[in-house]
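A short worksheet on the structure shown next.
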Amino acid sequence: MKVLASYADFLETIPDGAIVVDKSGSIVIANKRAHRIFGYPENGLWGELVHILMPRELSRRHSTYVEHFFADPHPRPMARGLDFSARRRDDCLIAVDIMLNPILLEDKQYALAIIRDTTERRQMEDRIRAELMQERIRAVTDQLTELTNRRGFLTALQHEVDRFYRYKSPFSVAYFDLDDFKIINDERGHCEGDKVLRTIARKGYTALRDTDVFARIGGDEFAILLPETGAEGAQAAMTKFRNIVTAALDANDWPVTMSVGVLTCTELEVGFDAEKILYHADQAMYTSKRSGKSREYHRINPFKISR
């Protein structure tokens, strides 16, 4: 017992929590730091089964883990060890790192668990990950309309082009701009113009599928990616889209219409990328605009168009 007492004194000198467990899973030593980590009064852990520190869904199976450790006792370093949740006395879960080592005291085999509370570190890591995710979202989002921006659209379109080369699934791209939008800005002000753009974004979004990508390319120009959509599906989708957006424009007495170019890819030569596809969709839009306002022009298979 003197050896155990001396070892308990030694464990008080380390900065982390420390628990010594015997083969039955009983805690024979726990330092003060471990008691503080788990919210127990001094010496409150001594004699308890170690599974009381496990999340409830693991506590019933923890005796098996103890058996496995003593069947093959070897160190589990903290850097490559167990990184999981543990249960405090108040039943709250905390994040911990645990390093396990077999030790021999008074000719008996024990397991030494060094425990480090990593709750703050993990919370910081979660915040950093969330901030990075928000930065990524902002990098591909148009601030005014909250639609995907040109960069994000090209990324999505390139994924669709790559998918086409693998699976030959057709897809369509619609490109449109607003006829007479300059009149709104000149006569009613840019705030009103911004309202027009936001309304088109909001109403147009409701007309599309979750898998479609709606983007503001710049100014009053927009693009829509319609994955797995042939010519007939694209025409039906854009008819629905234009009806909903036109109704919103008319309801606000905005003298604005749309010139739309739709490009459908059912065949595609190797070498086309997102930039080229978007360029040809843009050209289809200008073909529509040259034929008169509020028109729609469809083109199938851009590989037939001179590059």
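Chain labels A, B, ... are given in the sequence in which chains occur in the structure tokens; within each chain residues are numbered consecutively from 1, and ligands are likewise numbered from 1 in the order shown.
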For this session: Determine which residues of stretch 57-202 of chain A DSSP labels as helix (DSSP H, G or I) from the backbone of this structure, then write them out as a PyMOL selection string.
Result: chain A and resi 57-59+62-71+78-80+119-139+150-167+181-188+190-202
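Distance annotation: of A:Ile300, A:Ala34, A:Ile137, A:Ala274, the residue with the minimal separation from A:Val161 is A:Ala274; atom set is only C-alpha atoms.
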Just want the 8 Å neighbourhood of A:Pro170, counted on only C-alpha atoms, with same-chain residues fewer than 3 positions away dropped. Output as a PDB file with N, CA and C atoms, in the first residue's frame.
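Final output, out_24.pdb:
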```
ATOM      1  N   PHE A 164     -20.336  15.051 -66.777  1.00  0.00           N
ATOM      2  CA  PHE A 164     -20.814  14.700 -68.112  1.00  0.00           C
ATOM      3  C   PHE A 164     -19.806  13.786 -68.816  1.00  0.00           C
ATOM      4  N   PRO A 227     -28.683  20.724 -63.867  1.00  0.00           N
ATOM      5  CA  PRO A 227     -28.059  19.402 -64.030  1.00  0.00           C
ATOM      6  C   PRO A 227     -29.060  18.361 -64.523  1.00  0.00           C
ATOM      7  N   GLU A 228     -28.557  17.391 -65.286  1.00  0.00           N
ATOM      8  CA  GLU A 228     -29.370  16.273 -65.772  1.00  0.00           C
ATOM      9  C   GLU A 228     -30.661  16.762 -66.423  1.00  0.00           C
ATOM     10  N   THR A 229     -30.520  17.771 -67.253  1.00  0.00           N
ATOM     11  CA  THR A 229     -31.686  18.380 -67.890  1.00  0.00           C
ATOM     12  C   THR A 229     -31.434  18.537 -69.383  1.00  0.00           C
ATOM     13  N   GLY A 230     -32.266  17.861 -70.201  1.00  0.00           N
ATOM     14  CA  GLY A 230     -32.180  17.993 -71.648  1.00  0.00           C
ATOM     15  C   GLY A 230     -32.912  19.219 -72.137  1.00  0.00           C
ATOM     16  N   THR A 264     -28.005  23.593 -74.131  1.00  0.00           N
ATOM     17  CA  THR A 264     -28.159  22.226 -73.653  1.00  0.00           C
ATOM     18  C   THR A 264     -27.036  21.364 -74.208  1.00  0.00           C
ATOM     19  N   CYS A 265     -26.406  20.602 -73.347  1.00  0.00           N
ATOM     20  CA  CYS A 265     -25.306  19.723 -73.741  1.00  0.00           C
ATOM     21  C   CYS A 265     -25.741  18.269 -73.611  1.00  0.00           C
ATOM     22  N   THR A 266     -25.941  17.615 -74.754  1.00  0.00           N
ATOM     23  CA  THR A 266     -26.173  16.174 -74.760  1.00  0.00           C
ATOM     24  C   THR A 266     -24.970  15.457 -75.368  1.00  0.00           C
ATOM     25  N   GLU A 267     -24.133  16.214 -76.040  1.00  0.00           N
ATOM     26  CA  GLU A 267     -22.859  15.718 -76.562  1.00  0.00           C
ATOM     27  C   GLU A 267     -21.823  16.808 -76.286  1.00  0.00           C
TER      28      GLU A 267
END
```
Please list as a PDB file with C-alpha atoms, in the first residue's frame every residue within 12 Å of A:Asp220, counting only C-alpha atoms and excluding residues in the same chain fewer than 2 positions away.
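That gives us around_20.pdb:
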```pdb
ATOM      1  CA  LEU A 144     -26.369  41.836 -52.864  1.00  0.00           C
ATOM      2  CA  THR A 145     -28.618  38.956 -53.920  1.00  0.00           C
ATOM      3  CA  TYR A 175     -27.906  32.874 -69.214  1.00  0.00           C
ATOM      4  CA  PHE A 176     -30.037  35.992 -69.055  1.00  0.00           C
ATOM      5  CA  ASP A 177     -29.823  39.708 -68.546  1.00  0.00           C
ATOM      6  CA  LEU A 178     -32.447  42.361 -67.903  1.00  0.00           C
ATOM      7  CA  ASP A 179     -33.817  44.489 -70.717  1.00  0.00           C
ATOM      8  CA  ASP A 180     -34.152  48.199 -69.858  1.00  0.00           C
ATOM      9  CA  PHE A 181     -32.659  47.727 -66.414  1.00  0.00           C
ATOM     10  CA  LYS A 182     -30.653  50.930 -66.908  1.00  0.00           C
ATOM     11  CA  ILE A 184     -34.654  51.723 -63.399  1.00  0.00           C
ATOM     12  CA  ASN A 185     -31.256  52.906 -62.149  1.00  0.00           C
ATOM     13  CA  GLY A 193     -32.350  48.767 -59.032  1.00  0.00           C
ATOM     14  CA  ASP A 194     -30.928  46.712 -56.170  1.00  0.00           C
ATOM     15  CA  LYS A 195     -34.461  45.868 -55.106  1.00  0.00           C
ATOM     16  CA  VAL A 196     -35.186  44.572 -58.619  1.00  0.00           C
ATOM     17  CA  LEU A 197     -32.125  42.310 -58.517  1.00  0.00           C
ATOM     18  CA  ARG A 198     -32.957  40.977 -55.059  1.00  0.00           C
ATOM     19  CA  ILE A 200     -35.475  38.359 -59.160  1.00  0.00           C
ATOM     20  CA  ALA A 201     -33.093  36.341 -56.991  1.00  0.00           C
ATOM     21  CA  ALA A 215     -26.065  32.747 -59.868  1.00  0.00           C
ATOM     22  CA  ARG A 216     -25.590  36.440 -60.398  1.00  0.00           C
ATOM     23  CA  ILE A 217     -22.725  36.675 -62.860  1.00  0.00           C
ATOM     24  CA  GLY A 218     -22.383  40.445 -62.576  1.00  0.00           C
ATOM     25  CA  PHE A 222     -27.614  35.893 -64.259  1.00  0.00           C
ATOM     26  CA  ALA A 223     -26.982  32.229 -65.009  1.00  0.00           C
ATOM     27  CA  VAL A 256     -38.010  45.192 -67.084  1.00  0.00           C
ATOM     28  CA  THR A 257     -37.966  42.030 -69.168  1.00  0.00           C
ATOM     29  CA  MET A 258     -35.457  39.209 -69.681  1.00  0.00           C
ATOM     30  CA  SER A 259     -33.418  38.144 -72.689  1.00  0.00           C
TER      31      SER A 259
END
```
Exercise. For A:Lys289, which residue among A:Tyr205, A:Pro102, A:Gly261, A:Phe272 is the nearest when counting only C-alpha atoms?
Worked result: A:Gly261
For this session: May I ask for the distance between atom CA of A:Leu105 and atom CA of A:Leu11, given in Å to one decimal place?
Result: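 Here the two named atoms are 13.7 Å from each other.
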For this session: Tell me, in Å to one decimal, how far atom CA of A:Ile115 is from atom CA of A:Ser26.
Result: 16.5 Å
For this session: For atom CA of A:Thr287 and atom CA of A:Arg188, quote the distance in Å rounded to one decimal.
Result: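 These two atoms are separated by 28.9 Å.
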For this session: Using only C-alpha atoms, pick whichever of A:Ala247, A:Ile183, A:Ala113, A:Cys92 has the shortest atom-to-atom distance to A:Arg76.
Result: A:Ala113
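Residue nearest A:Leu249 within the list A:Ser63, A:Asn31, A:Thr199, A:Ser24: A:Thr199 [criterion: smallest interatomic distance, only C-alpha atoms].
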Exercise. Could you pull the residues within 10 Å of A:Ile14, counting only C-alpha atoms, minus those fewer than 3 positions along the same chain, as a ChimeraX atom specification?
Worked result: /A:9-11,17-18,31,33,114
Write the residues you've just listed into a file as a CSV table (one decimal), in the first residue's frame, and include N, CA and C atoms for each of them.
```csv
chain,number,residue,atom,x,y,z
A,9,ASP,N,0.9,10.3,-4.5
A,9,ASP,CA,1.6,11.6,-4.3
A,9,ASP,C,2.3,12.1,-5.5
A,10,PHE,N,2.9,11.2,-6.2
A,10,PHE,CA,3.6,11.6,-7.5
A,10,PHE,C,2.7,12.1,-8.5
A,11,LEU,N,1.5,11.5,-8.6
A,11,LEU,CA,0.5,12.0,-9.6
A,11,LEU,C,0.0,13.4,-9.3
A,17,GLY,N,-5.1,15.5,-15.4
A,17,GLY,CA,-5.8,14.5,-14.6
A,17,GLY,C,-5.1,13.2,-14.7
A,18,ALA,N,-5.1,12.4,-13.6
A,18,ALA,CA,-4.6,11.0,-13.6
A,18,ALA,C,-5.4,10.1,-12.8
A,31,ASN,N,-6.0,11.7,-9.0
A,31,ASN,CA,-5.4,12.9,-8.4
A,31,ASN,C,-6.4,14.0,-8.4
A,33,ARG,N,-6.5,16.9,-9.8
A,33,ARG,CA,-6.8,17.5,-11.1
A,33,ARG,C,-7.9,16.7,-11.8
A,114,ILE,N,-4.0,9.2,-18.3
A,114,ILE,CA,-3.7,10.6,-18.2
A,114,ILE,C,-4.7,11.4,-19.0
```
For this session: Could you give me, as a list in words, the residues within 12 Å of A:Gln158, counting only C-alpha atoms and dropping anything in the same chain fewer than 6 positions from it?
Result: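 Once the nearby chain positions are removed, what remains is Arg151, Gly152, Phe164, Tyr165, Phe171, Val173, Leu225, Pro227, Gly271, Phe272, Asp273, Ala274, Glu275, Lys276, Ile277 and Leu278 of chain A.
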Do a neighbour search on A:Gly25 at 8 Å with only C-alpha atoms, toss out local chain neighbours closer than 2 positions, and write the hits as a PDB file with C-alpha atoms, in the first residue's frame.
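Ended up saving to result28.pdb:
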```pdb
ATOM      1  CA  VAL A  21      -7.568   1.541 -12.651  1.00  0.00           C
ATOM      2  CA  ASP A  22      -7.246  -2.131 -11.725  1.00  0.00           C
ATOM      3  CA  LYS A  23      -8.318  -5.119 -13.794  1.00  0.00           C
ATOM      4  CA  ILE A  27     -10.399   3.413  -9.655  1.00  0.00           C
ATOM      5  CA  LEU A  49     -15.892   1.940 -11.381  1.00  0.00           C
ATOM      6  CA  VAL A  50     -14.242   3.910 -14.157  1.00  0.00           C
ATOM      7  CA  HIS A  51     -17.263   3.479 -16.440  1.00  0.00           C
ATOM      8  CA  SER A  63     -15.851  -3.305 -18.977  1.00  0.00           C
ATOM      9  CA  VAL A  66     -10.938  -2.676 -19.836  1.00  0.00           C
TER      10      VAL A  66
END
```
Exercise. Closest to A:Phe241 among A:Glu120, A:Asp212, A:Glu131, A:Glu106, using only C-alpha atoms?
Worked result: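 Distance minimum relative to A:Phe241 lands on A:Asp212.
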Problem set entry | Distance criterion (only C-alpha atoms): nearest to A:Ala174 out of A:Arg61, A:Lys32, A:Arg299, A:Lys293 |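 Once distances to A:Ala174 are computed over only C-alpha atoms, the minimum belongs to A:Arg299.
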For this session: Determine which residues of stretch 187-265 of chain A receive a DSSP assignment of strand (DSSP E), computed from the backbone, and state them as a ChimeraX atom specification.
Result: /A:213-218,221-227,257-265
Keeping C-alpha atoms for every residue in the selection just given, could you write it to a file as a short mmCIF file (atom, residue, chain, number, x, y, z; two decimals), in the first residue's frame?
```
data_model
loop_
_atom_site.label_atom_id
_atom_site.label_comp_id
_atom_site.auth_asym_id
_atom_site.auth_seq_id
_atom_site.Cartn_x
_atom_site.Cartn_y
_atom_site.Cartn_z
CA VAL A 213 -27.56 26.51 -59.25
CA PHE A 214 -28.77 30.10 -59.62
CA ALA A 215 -26.07 32.75 -59.87
CA ARG A 216 -25.59 36.44 -60.40
CA ILE A 217 -22.72 36.68 -62.86
CA GLY A 218 -22.38 40.45 -62.58
CA GLU A 221 -26.63 39.25 -65.75
CA PHE A 222 -27.61 35.89 -64.26
CA ALA A 223 -26.98 32.23 -65.01
CA ILE A 224 -28.73 29.00 -64.06
CA LEU A 225 -27.22 25.52 -64.13
CA LEU A 226 -29.77 22.76 -64.70
CA PRO A 227 -28.06 19.40 -64.03
CA THR A 257 -37.97 42.03 -69.17
CA MET A 258 -35.46 39.21 -69.68
CA SER A 259 -33.42 38.14 -72.69
CA VAL A 260 -32.53 34.48 -72.19
CA GLY A 261 -30.09 32.13 -73.86
CA VAL A 262 -30.29 28.44 -73.05
CA LEU A 263 -27.55 25.98 -73.92
CA THR A 264 -28.16 22.23 -73.65
CA CYS A 265 -25.31 19.72 -73.74
#
```
